[in-house]
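Have a look at protein_29.tsv below; it lists TSV, C-alpha atoms.
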```tsv
chain	number	residue	atom	x	y	z
A	1	MET	CA	1.27	29.97	17.36
A	2	GLY	CA	4.86	28.73	17.62
A	3	HIS	CA	7.37	29.26	14.88
A	4	VAL	CA	9.34	26.26	13.64
A	5	ARG	CA	12.88	27.20	12.72
A	6	GLN	CA	14.72	25.33	10.00
A	7	PRO	CA	17.60	23.27	11.38
A	8	ARG	CA	20.82	25.28	11.22
A	9	ARG	CA	22.54	22.49	9.35
A	10	VAL	CA	19.90	22.64	6.62
A	11	GLN	CA	20.28	26.40	6.29
A	12	THR	CA	24.04	26.16	5.89
A	13	TYR	CA	24.16	23.43	3.29
A	14	ASP	CA	21.45	24.69	0.92
A	15	GLY	CA	23.98	26.75	-1.02
A	16	GLU	CA	26.29	23.77	-1.39
A	17	LEU	CA	23.35	21.58	-2.35
A	18	GLY	CA	22.13	23.98	-5.04
A	19	ALA	CA	25.59	24.18	-6.59
A	20	ALA	CA	25.97	20.40	-6.53
A	21	VAL	CA	22.60	19.90	-8.21
A	22	ALA	CA	23.49	22.36	-10.96
A	23	ARG	CA	26.74	20.51	-11.66
A	24	ALA	CA	24.97	17.16	-11.54
A	25	GLN	CA	22.52	18.38	-14.17
A	26	ASP	CA	25.54	19.02	-16.38
A	27	GLY	CA	26.60	15.39	-15.99
A	28	ASP	CA	28.94	15.61	-12.99
A	29	GLU	CA	28.48	12.27	-11.21
A	30	ALA	CA	30.57	13.33	-8.24
A	31	ALA	CA	28.28	16.33	-7.75
A	32	PHE	CA	25.25	14.04	-7.76
A	33	ALA	CA	26.93	12.03	-5.00
A	34	VAL	CA	27.34	15.25	-3.00
A	35	ALA	CA	23.65	16.07	-3.43
A	36	TYR	CA	22.75	12.55	-2.33
A	37	ARG	CA	24.93	12.82	0.77
A	38	LEU	CA	23.30	16.11	1.77
A	39	VAL	CA	19.70	15.07	1.16
A	40	GLN	CA	19.58	11.37	2.02
A	41	PRO	CA	19.69	11.56	5.87
A	42	GLY	CA	16.63	13.79	6.10
A	43	LEU	CA	14.82	11.93	3.34
A	44	LEU	CA	15.47	8.60	5.03
A	45	GLY	CA	14.24	9.93	8.37
A	46	TYR	CA	11.04	11.13	6.69
A	47	LEU	CA	10.50	7.74	5.04
A	48	HIS	CA	11.15	5.93	8.32
A	49	GLY	CA	8.20	7.87	9.69
A	50	LEU	CA	6.00	6.67	6.81
A	51	VAL	CA	7.05	3.10	6.03
A	52	ARG	CA	9.26	2.08	8.96
A	53	GLU	CA	11.71	-0.72	8.14
A	54	ASP	CA	11.03	-0.43	4.40
A	55	ALA	CA	12.47	3.10	4.28
A	56	GLU	CA	15.75	2.05	2.67
A	57	ASP	CA	13.99	0.25	-0.18
A	58	VAL	CA	11.58	3.10	-0.79
A	59	ALA	CA	14.44	5.60	-0.70
A	60	SER	CA	16.30	3.58	-3.33
A	61	ASP	CA	13.25	3.66	-5.60
A	62	ALA	CA	12.91	7.39	-5.02
A	63	TRP	CA	16.54	8.08	-5.91
A	64	LEU	CA	16.21	6.12	-9.14
A	65	GLU	CA	13.38	8.42	-10.13
A	66	ILE	CA	15.28	11.47	-8.92
A	67	ALA	CA	18.26	10.53	-11.09
A	68	ARG	CA	16.06	9.89	-14.13
A	69	SER	CA	14.16	13.17	-13.70
A	70	LEU	CA	17.05	15.39	-12.61
A	71	GLY	CA	17.20	17.27	-15.91
A	72	ARG	CA	13.63	18.51	-15.41
A	73	PHE	CA	14.28	20.00	-11.96
A	74	LYS	CA	14.44	23.78	-11.75
A	75	GLY	CA	15.27	25.52	-8.51
A	76	ASP	CA	17.80	26.00	-5.71
A	77	GLY	CA	18.98	23.76	-2.89
A	78	ALA	CA	15.87	24.29	-0.77
A	79	GLY	CA	13.72	23.60	-3.81
A	80	PHE	CA	15.61	20.39	-4.47
A	81	ARG	CA	14.87	19.14	-0.95
A	82	GLY	CA	11.18	19.80	-1.48
A	83	TRP	CA	11.22	18.15	-4.91
A	84	THR	CA	12.95	15.02	-3.63
A	85	ALA	CA	10.58	14.84	-0.65
A	86	THR	CA	7.62	14.93	-3.05
A	87	ILE	CA	9.06	12.06	-5.08
A	88	ALA	CA	9.85	10.06	-1.94
A	89	ARG	CA	6.34	10.62	-0.60
A	90	HIS	CA	4.78	9.33	-3.83
A	91	ARG	CA	6.97	6.23	-3.71
A	92	ALA	CA	6.03	5.69	-0.04
A	93	LEU	CA	2.32	5.98	-0.78
A	94	ASP	CA	2.71	3.55	-3.68
A	95	HIS	CA	4.48	1.16	-1.34
A	96	LEU	CA	1.74	1.44	1.28
A	97	ARG	CA	-0.94	0.83	-1.31
A	98	ARG	CA	0.89	-2.27	-2.45
A	99	GLN	CA	1.14	-3.47	1.11
A	100	ARG	CA	-2.52	-2.58	1.75
A	101	THR	CA	-1.53	-0.94	4.99
A	102	ARG	CA	-1.21	2.46	6.58
A	103	PRO	CA	1.55	3.98	8.75
A	104	ARG	CA	1.22	2.47	12.23
A	105	ALA	CA	1.53	4.19	15.56
A	106	GLY	CA	4.22	2.71	17.75
A	107	GLY	CA	5.34	5.05	20.55
A	108	THR	CA	4.94	4.50	24.27
A	109	GLU	CA	5.66	6.60	27.31
A	110	GLN	CA	8.69	4.41	27.97
A	111	ASP	CA	10.28	5.74	24.77
A	112	VAL	CA	10.97	9.19	26.21
A	113	LEU	CA	13.84	10.85	28.05
A	114	HIS	CA	13.71	13.13	31.07
A	115	LEU	CA	12.98	16.68	29.93
A	116	PRO	CA	13.48	19.74	32.16
A	117	ALA	CA	10.59	22.23	32.12
A	118	GLN	CA	12.41	25.25	30.76
A	119	HIS	CA	13.08	27.20	27.56
A	120	ASP	CA	11.04	26.62	24.40
A	121	THR	CA	9.13	23.38	24.97
A	122	HIS	CA	8.93	22.55	21.25
A	123	ASP	CA	12.66	22.80	20.61
A	124	GLN	CA	13.52	21.32	23.99
A	125	ALA	CA	11.31	18.31	23.32
A	126	LEU	CA	12.94	17.58	19.98
A	127	GLU	CA	16.50	18.21	21.14
A	128	SER	CA	16.07	15.80	24.06
A	129	LEU	CA	15.00	12.76	22.07
A	130	ALA	CA	17.22	10.08	20.61
A	131	THR	CA	16.41	9.65	16.94
A	132	GLU	CA	14.69	6.28	16.89
A	133	GLN	CA	12.67	7.12	19.98
A	134	ALA	CA	11.67	10.44	18.46
A	135	LEU	CA	10.45	8.83	15.26
A	136	GLU	CA	8.38	6.35	17.27
A	137	LEU	CA	6.71	9.23	19.08
A	138	VAL	CA	6.14	11.14	15.85
A	139	ARG	CA	4.54	8.06	14.28
A	140	ALA	CA	2.06	8.00	17.18
A	141	LEU	CA	0.76	11.46	16.25
A	142	PRO	CA	-2.34	11.86	14.07
A	143	PRO	CA	-1.20	11.30	10.45
A	144	ASP	CA	-1.48	14.93	9.32
A	145	GLN	CA	0.53	16.14	12.32
A	146	ALA	CA	3.14	13.40	12.00
A	147	GLU	CA	3.87	14.11	8.35
A	148	ALA	CA	3.95	17.87	8.89
A	149	VAL	CA	6.47	17.48	11.72
A	150	LEU	CA	8.61	15.11	9.64
A	151	LEU	CA	8.72	17.47	6.67
A	152	ARG	CA	9.32	20.62	8.71
A	153	VAL	CA	11.80	19.28	11.29
A	154	VAL	CA	13.38	16.18	9.76
A	155	VAL	CA	13.57	17.15	6.08
A	156	GLY	CA	13.91	20.83	7.02
A	157	LEU	CA	11.35	22.30	4.62
A	158	ASP	CA	9.75	25.66	5.26
A	159	GLY	CA	5.98	25.96	5.55
A	160	PRO	CA	5.18	26.68	1.88
A	161	ALA	CA	7.48	23.91	0.65
A	162	ALA	CA	5.98	21.36	3.06
A	163	ALA	CA	2.52	22.47	1.95
A	164	ARG	CA	3.42	21.84	-1.69
A	165	VAL	CA	4.65	18.35	-0.86
A	166	LEU	CA	1.41	17.56	0.96
A	167	GLY	CA	-0.88	19.37	-1.45
A	168	LYS	CA	-2.25	21.51	1.39
A	169	ARG	CA	-2.39	25.17	2.31
A	170	PRO	CA	0.61	26.54	4.25
A	171	GLY	CA	-1.67	27.58	7.12
A	172	ALA	CA	-2.96	24.04	7.50
A	173	VAL	CA	0.60	22.68	7.61
A	174	ARG	CA	1.65	25.30	10.17
A	175	THR	CA	-1.30	24.36	12.34
A	176	ALA	CA	-0.60	20.63	12.06
A	177	THR	CA	3.08	21.17	12.87
A	178	HIS	CA	2.29	23.33	15.88
A	179	ARG	CA	-0.24	20.86	17.25
A	180	GLY	CA	2.08	17.92	16.66
A	181	LEU	CA	5.00	19.58	18.45
A	182	LYS	CA	2.80	20.62	21.35
A	183	ARG	CA	1.53	17.08	21.65
A	184	LEU	CA	5.10	15.76	21.66
A	185	ALA	CA	6.03	18.27	24.33
A	186	ARG	CA	3.13	17.13	26.51
A	187	GLN	CA	4.10	13.48	26.03
A	188	LEU	CA	7.59	14.34	27.19
A	189	GLY	CA	6.35	16.09	30.30
A	190	ALA	CA	7.75	19.36	28.99
A	191	ASP	CA	5.06	21.29	30.81
A	192	GLY	CA	6.56	20.44	34.16
A	193	GLU	CA	6.31	16.72	34.88
A	194	ALA	CA	9.32	14.52	34.20
A	195	VAL	CA	8.52	11.34	32.31
A	196	GLY	CA	10.43	8.18	31.65
A	197	GLY	CA	14.13	7.72	32.23
A	198	VAL	CA	15.33	5.99	29.10
A	199	THR	CA	19.02	6.16	28.40
A	200	ASP	CA	20.47	5.76	24.93
A	201	GLY	CA	24.11	5.73	23.90
A	202	THR	CA	23.32	7.71	20.78
A	203	SER	CA	22.48	11.36	21.34
A	204	ARG	CA	21.41	12.12	17.79
A	205	THR	CA	18.10	14.00	17.75
A	206	LEU	CA	15.33	14.58	15.25
A	207	ARG	CA	17.12	17.65	13.96
A	208	GLU	CA	20.23	15.63	13.14
A	209	TRP	CA	18.28	13.63	10.53
A	210	ALA	CA	17.96	16.80	8.48
```
With the file now loaded, output its structure as structure tokens.
Amino acid sequence: MGHVRQPRRVQTYDGELGAAVARAQDGDEAAFAVAYRLVQPGLLGYLHGLVREDAEDVASDAWLEIARSLGRFKGDGAGFRGWTATIARHRALDHLRRQRTRPRAGGTEQDVLHLPAQHDTHDQALESLATEQALELVRALPPDQAEAVLLRVVVGLDGPAAARVLGKRPGAVRTATHRGLKRLARQLGADGEAVGGVTDGTSRTLREWA
């Protein structure tokens, strides 16, 4: 079964994030702003996958709760990302219940870019997608796979952390992530058949949300 690596950017900023959170807990408002800047892109990408155009509003609600509860958090930078993702997920589920709706699938084959059949198909698939197109394809996955991919690749959580957010066993999350990434790779023609031909001026990928 494939191994999902954490985005390099996530790995490098966890130390900075942990230090910022510690200072913020001591009342340093500038440090809280640093933590927000480091976490918000991935959190917003995750919420886009759950609630679409309402992601900004749900993120705002989540950050209000994060700020109120900050003193109760215990952990490092990676732990803070998992903690904030849990809060954001609860706010998203509350929002969906209020709207009496569920996350909708929205991807089509026309949303993809040409993908050469070489290297690791999982990573190659993700690296070759523009962000909005990628999120549309992720939303079209079965719900358990979509959320696992979002937490692992977009938020940058490891398997155990993603499992805690979802209230599932790490093995189940690993399986869902693997199946979701394989399905994305097949949709992109990563097994040998080129699909689509969409061009996009922005080259940001799923990994850049994290």
With only C-alpha atoms counted and 12 Å as the cut-off, give the residues of region 151-197 of chain A in contact with region 22-41 of chain A, each with its shortest interatomic distance in Å and the pair that gives it, as CSV.
```
residue,atom,partner,partner_atom,distance
A:Val154,CA,A:Pro41,CA,8.7
A:Val155,CA,A:Val39,CA,8.1
A:Gly156,CA,A:Val39,CA,10.1
A:Leu157,CA,A:Val39,CA,11.6
```
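Every protein, DNA or RNA residue with an atom at most 8 Å from region 67-74 of chain A, where only C-alpha atoms count and chain neighbours fewer than 4 positions away do not, is listed here: A:Gln25, A:Trp63, A:Gly79, A:Phe80, A:Trp83.
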Mind giving me the straight-line distance from CA of Ala134 (chain A) to CA of Asp54 (chain A) in Å, one decimal?
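Between these atoms lies a distance of 17.8 Å.
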Calculate how many Å separate CA of Thr177 (chain A) from CA of Ala85 (chain A), rounding to one decimal.
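Separation of CA of Thr177 (chain A) and CA of Ala85 (chain A): 16.7 Å.
The space separating CA of Gly167 (chain A) from CA of Ala62 (chain A) comes to 18.6 Å.
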Identify, on the basis of only C-alpha atoms, every residue whose closest approach to Leu150 (chain A) does not exceed 9 Å; exclude the query and any residue fewer than 6 positions from it along the same chain; express the result as a PyMOL selection string.
chain A and resi 42+45-47+49+135+138+156+177+206
With C-alpha atoms retained, write the just-selected residues as a PDB file, keeping the file's coordinate frame.
```pdb
ATOM      1  CA  GLY A  42      16.630  13.790   6.100  1.00  0.00           C
ATOM      2  CA  GLY A  45      14.240   9.930   8.370  1.00  0.00           C
ATOM      3  CA  TYR A  46      11.040  11.130   6.690  1.00  0.00           C
ATOM      4  CA  LEU A  47      10.500   7.740   5.040  1.00  0.00           C
ATOM      5  CA  GLY A  49       8.200   7.870   9.690  1.00  0.00           C
ATOM      6  CA  LEU A 135      10.450   8.830  15.260  1.00  0.00           C
ATOM      7  CA  VAL A 138       6.140  11.140  15.850  1.00  0.00           C
ATOM      8  CA  GLY A 156      13.910  20.830   7.020  1.00  0.00           C
ATOM      9  CA  THR A 177       3.080  21.170  12.870  1.00  0.00           C
ATOM     10  CA  LEU A 206      15.330  14.580  15.250  1.00  0.00           C
TER      11      LEU A 206
END
```
Mind checking which residues fall within 10 Å of Arg179 (chain A), counting all atoms listed in the file, ignoring those fewer than 3 positions away in the same chain, and posting them as a PyMOL selection string?
chain A and resi 1-2+141-142+144-146+148-149+173-176+182-185
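Among the candidates A:Ala92, A:Ile87, A:Ala55, A:Ala78, the one nearest to Ala19 (chain A) when counting all atoms listed in the file is A:Ala78.
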